[in-house]
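*Asks:* Before we start, here is the structure in question, set down as structure tokens.
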Amino acid sequence: MMLLFKKIYFVLLYALLSLPGQLKAQKFLIPETAMIQRAGSIGYNSFGAGYNLFRKNTGSLDLTWGYVPKSKGGRQDIFAAKFAYRPFNIKIKDLVVINPLNPGVFVSYHPGGKFHTTFNKNQYPKGYYWWSSAFRIHVSLSTEIKINMPQSMSSTGIEQVSLYTELNTNELYAVSWFKNRNYLPFQDILKLGIGVKAYF
């Protein structure tokens, strides 16, 4: 089941990334960004494609696949859908655009036999665990610095390249901190990711 799920996800991701040469008329289907991220609750390394949202591109939606290698605590895959809102930007001439504070939310899914959407009803009474081991709901805050590509690189199709950092926590960490805030430091529930994104 896990292998089938991974194959379906990669086929869909490949189809999305190969659409530019096949579906020129269906522009709304073509991904507008590609990203690589290190850490940040969606894998040791993660890769994805995404879309700009709203009329002035003040929002973004990224679909990612990340993995944790066996050497880092056990092999696992993580799939995520991430939304971020960019309320304002700072432009430095025609070269750099900074989005300093971008609130967001994302959902991550851990497939595999170790993770479950619900707990065994025969083993645990109803309501014993309120959370799912497979799904996590995160809130995030990111900062992004975009660099506009020169005209000499227009043949690559890349209009901007950005570097971003993303701070996040999830609902399980937040509740754990709230119930144990006298013993659990707030910074312990925060996770930081850093990534590079290309805009087409």
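Order determines the names: the first chain of the structure tokens is A, the second B, and so forth; residues in each chain are numbered 1 upward, and ligands are numbered 1 upward as they are shown.
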Give me, as an NGL selection string, all polymer residues having an atom no more than 6 Å from segment 38-51 of chain A, counting only C-alpha atoms and skipping those fewer than 5 positions away in the same chain.

*Replies:* :A and (31-33 or 60-68 or 78 or 191-194)

*Asks:* Please, which residues of segment 36-138 of chain A, numbered as in this document, come out strand (DSSP E) from DSSP, as a ChimeraX atom specification?

*Replies:* /A:36-39,45-53,59-68,76-85,90-92,96-109,135-138

*Asks:* Would you mind exporting the chosen residues as a PDB file, in the first residue's frame, restricted to C-alpha atoms?

*Replies:*
ATOM      1  CA  ILE A  36      13.947  22.381  -2.012  1.00  0.00           C
ATOM      2  CA  GLN A  37      13.830  22.600   1.785  1.00  0.00           C
ATOM      3  CA  ARG A  38      15.998  21.323   4.614  1.00  0.00           C
ATOM      4  CA  ALA A  39      14.263  20.352   7.888  1.00  0.00           C
ATOM      5  CA  ASN A  45      15.143  17.077   2.899  1.00  0.00           C
ATOM      6  CA  SER A  46      11.994  17.876   0.933  1.00  0.00           C
ATOM      7  CA  PHE A  47      11.100  18.766  -2.634  1.00  0.00           C
ATOM      8  CA  GLY A  48       7.983  20.266  -4.138  1.00  0.00           C
ATOM      9  CA  ALA A  49       6.131  22.335  -6.683  1.00  0.00           C
ATOM     10  CA  GLY A  50       3.667  25.126  -6.091  1.00  0.00           C
ATOM     11  CA  TYR A  51       1.388  27.902  -7.226  1.00  0.00           C
ATOM     12  CA  ASN A  52       1.042  31.618  -6.607  1.00  0.00           C
ATOM     13  CA  LEU A  53      -2.408  32.582  -5.346  1.00  0.00           C
ATOM     14  CA  GLY A  59      -0.478  33.755  -1.364  1.00  0.00           C
ATOM     15  CA  SER A  60       1.227  30.486  -2.226  1.00  0.00           C
ATOM     16  CA  LEU A  61       0.370  26.788  -2.208  1.00  0.00           C
ATOM     17  CA  ASP A  62       3.172  24.193  -2.191  1.00  0.00           C
ATOM     18  CA  LEU A  63       2.838  20.409  -2.477  1.00  0.00           C
ATOM     19  CA  THR A  64       5.900  18.632  -1.133  1.00  0.00           C
ATOM     20  CA  TRP A  65       7.453  15.242  -0.546  1.00  0.00           C
ATOM     21  CA  GLY A  66      10.098  14.907   2.128  1.00  0.00           C
ATOM     22  CA  TYR A  67      12.017  12.038   3.639  1.00  0.00           C
ATOM     23  CA  VAL A  68      13.986  11.188   6.741  1.00  0.00           C
ATOM     24  CA  GLN A  76      10.103   7.670   6.621  1.00  0.00           C
ATOM     25  CA  ASP A  77       8.276   9.753   4.031  1.00  0.00           C
ATOM     26  CA  ILE A  78       6.302  12.930   4.665  1.00  0.00           C
ATOM     27  CA  PHE A  79       3.824  14.547   2.276  1.00  0.00           C
ATOM     28  CA  ALA A  80       2.651  18.100   2.893  1.00  0.00           C
ATOM     29  CA  ALA A  81       0.343  20.787   1.509  1.00  0.00           C
ATOM     30  CA  LYS A  82       1.492  24.252   2.578  1.00  0.00           C
ATOM     31  CA  PHE A  83      -0.278  27.603   2.350  1.00  0.00           C
ATOM     32  CA  ALA A  84       1.441  30.915   3.088  1.00  0.00           C
ATOM     33  CA  TYR A  85       0.200  34.495   2.935  1.00  0.00           C
ATOM     34  CA  ILE A  90       9.928  45.505   0.554  1.00  0.00           C
ATOM     35  CA  LYS A  91      11.477  46.193  -2.853  1.00  0.00           C
ATOM     36  CA  ILE A  92      15.116  47.130  -3.272  1.00  0.00           C
ATOM     37  CA  VAL A  96      15.473  42.228  -4.627  1.00  0.00           C
ATOM     38  CA  VAL A  97      12.035  41.703  -3.067  1.00  0.00           C
ATOM     39  CA  ILE A  98      11.777  40.890   0.649  1.00  0.00           C
ATOM     40  CA  ASN A  99       8.665  39.345   2.220  1.00  0.00           C
ATOM     41  CA  PRO A 100       9.553  39.761   5.910  1.00  0.00           C
ATOM     42  CA  LEU A 101       6.591  38.174   7.732  1.00  0.00           C
ATOM     43  CA  ASN A 102       4.501  35.507   6.018  1.00  0.00           C
ATOM     44  CA  PRO A 103       2.015  33.619   8.222  1.00  0.00           C
ATOM     45  CA  GLY A 104       0.953  30.197   7.024  1.00  0.00           C
ATOM     46  CA  VAL A 105      -0.593  26.832   7.755  1.00  0.00           C
ATOM     47  CA  PHE A 106       0.196  23.383   6.454  1.00  0.00           C
ATOM     48  CA  VAL A 107      -0.859  19.778   6.846  1.00  0.00           C
ATOM     49  CA  SER A 108       1.662  16.942   6.825  1.00  0.00           C
ATOM     50  CA  TYR A 109       0.962  13.248   6.354  1.00  0.00           C
ATOM     51  CA  PHE A 135      -1.491  13.767  10.307  1.00  0.00           C
ATOM     52  CA  ARG A 136      -0.097  16.973  11.779  1.00  0.00           C
ATOM     53  CA  ILE A 137      -1.556  20.471  11.437  1.00  0.00           C
ATOM     54  CA  HIS A 138       1.084  23.202  11.568  1.00  0.00           C
TER      55      HIS A 138
END

*Asks:* Mind pulling up the distance from atom CA of Phe186 of chain A to atom CA of Glu171 of chain A?

*Replies:*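 For atom CA of Glu171 of chain A relative to atom CA of Phe186 of chain A, the distance reads 13.5 Å.
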
*Asks:* Rounded to one decimal, what separation in Å do you get between atom CA of Gln160 of chain A and atom CA of Leu190 of chain A?

*Replies:*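 Atom CA of Leu190 of chain A lies 28.8 Å from atom CA of Gln160 of chain A.
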
*Asks:* Using only C-alpha atoms, can you tell me which of A:Ser140, A:Ser154, A:Ser133, A:Ser162 comes closest to Met35 of chain A?

*Replies:* A:Ser162

*Asks:* Point out the residue among A:Asp94, A:Phe115, A:His110, A:Pro185 with the least atom-to-atom distance to Met149 of chain A, counting only C-alpha atoms.

*Replies:*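 The closest residue to Met149 of chain A is A:Asp94.
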
*Asks:* Please, which residues of segment 83-166 of chain A, numbered as in this document, come out helix (DSSP H, G or I) from DSSP, as a ChimeraX atom specification?

*Replies:* /A:151-156

*Asks:* The selected residues should be written to file as a CSV table (one decimal), in the first residue's frame (atoms: all heavy atoms).

*Replies:*
chain,number,residue,atom,x,y,z
A,151,GLN,N,18.0,39.6,-17.5
A,151,GLN,CA,17.4,39.2,-18.8
A,151,GLN,C,18.2,38.2,-19.5
A,151,GLN,O,17.7,37.4,-20.3
A,151,GLN,CB,17.3,40.5,-19.7
A,151,GLN,CG,16.2,41.4,-19.3
A,151,GLN,CD,14.8,40.7,-19.6
A,151,GLN,OE1,14.1,40.5,-18.7
A,151,GLN,NE2,14.6,40.5,-20.9
A,152,SER,N,19.5,38.1,-19.2
A,152,SER,CA,20.4,37.2,-19.9
A,152,SER,C,20.1,35.7,-19.5
A,152,SER,O,20.5,34.8,-20.2
A,152,SER,CB,21.9,37.5,-19.5
A,152,SER,OG,22.1,37.4,-18.1
A,153,MET,N,19.3,35.6,-18.4
A,153,MET,CA,18.9,34.2,-18.0
A,153,MET,C,17.5,33.9,-18.3
A,153,MET,O,16.9,32.9,-17.8
A,153,MET,CB,19.2,34.0,-16.5
A,153,MET,CG,20.6,34.1,-16.1
A,153,MET,SD,20.9,33.7,-14.4
A,153,MET,CE,20.4,32.0,-14.3
A,154,SER,N,16.8,34.7,-19.2
A,154,SER,CA,15.4,34.5,-19.5
A,154,SER,C,15.1,33.2,-20.2
A,154,SER,O,14.1,32.6,-20.1
A,154,SER,CB,14.9,35.6,-20.3
A,154,SER,OG,15.6,35.7,-21.6
A,155,SER,N,16.2,32.6,-20.8
A,155,SER,CA,16.0,31.4,-21.5
A,155,SER,C,15.8,30.2,-20.6
A,155,SER,O,15.2,29.1,-21.0
A,155,SER,CB,17.2,31.1,-22.4
A,155,SER,OG,18.4,31.0,-21.7
A,156,THR,N,16.1,30.3,-19.3
A,156,THR,CA,16.0,29.3,-18.3
A,156,THR,C,14.5,29.2,-17.9
A,156,THR,O,14.1,28.2,-17.3
A,156,THR,CB,16.8,29.5,-17.1
A,156,THR,OG1,16.4,30.7,-16.4
A,156,THR,CG2,18.3,29.6,-17.5

*Asks:* Would you please work out which residue, of A:Gly195, A:Ile158, A:Lys114, A:Ser132, is nearest to Ile145 of chain A when using only C-alpha atoms?

*Replies:*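 Of the candidates, the smallest distance to Ile145 of chain A is held by A:Gly195.
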
*Asks:* I'd like the interatomic distance between atom CA of Arg86 of chain A and atom CA of Asn170 of chain A, to a tenth of an Å.

*Replies:*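 For atom CA of Arg86 of chain A relative to atom CA of Asn170 of chain A, the distance reads 20.4 Å.
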
*Asks:* Need the shell around Val161 of chain A: protein/DNA/RNA residues with any atom at most 8 Å away, counting only C-alpha atoms. Skip same-chain ones fewer than 2 positions apart. Format as a PyMOL selection string?

*Replies:* chain A and resi 146-149+158-159+163+196-199

*Asks:* I need the residues from that last selection saved to file as a tab-separated table (two decimals), in the first residue's frame (with N, CA and C atoms), if you can.

*Replies:*
chain	number	residue	atom	x	y	z
A	146	LYS	N	13.69	37.36	-2.32
A	146	LYS	CA	13.66	36.99	-3.73
A	146	LYS	C	14.65	37.85	-4.52
A	147	ILE	N	15.34	37.21	-5.42
A	147	ILE	CA	16.26	37.90	-6.31
A	147	ILE	C	15.74	37.76	-7.74
A	148	ASN	N	15.53	38.89	-8.41
A	148	ASN	CA	15.07	38.86	-9.79
A	148	ASN	C	16.22	38.46	-10.72
A	149	MET	N	15.93	37.55	-11.63
A	149	MET	CA	16.94	37.07	-12.55
A	149	MET	C	17.18	38.09	-13.67
A	158	ILE	N	13.31	30.86	-15.49
A	158	ILE	CA	13.27	31.24	-14.08
A	158	ILE	C	13.27	32.76	-13.96
A	159	GLU	N	12.23	33.30	-13.35
A	159	GLU	CA	12.11	34.75	-13.18
A	159	GLU	C	12.74	35.24	-11.88
A	163	LEU	N	15.50	32.68	-1.23
A	163	LEU	CA	15.97	31.97	-0.06
A	163	LEU	C	14.98	32.27	1.06
A	196	VAL	N	15.18	26.88	-0.67
A	196	VAL	CA	15.41	27.66	-1.88
A	196	VAL	C	14.23	27.41	-2.80
A	197	LYS	N	13.71	28.49	-3.41
A	197	LYS	CA	12.55	28.36	-4.29
A	197	LYS	C	12.83	29.08	-5.61
A	198	ALA	N	12.41	28.47	-6.71
A	198	ALA	CA	12.53	29.09	-8.03
A	198	ALA	C	11.14	29.44	-8.52
A	199	TYR	N	10.98	30.66	-9.05
A	199	TYR	CA	9.71	31.15	-9.59
A	199	TYR	C	9.82	31.20	-11.12
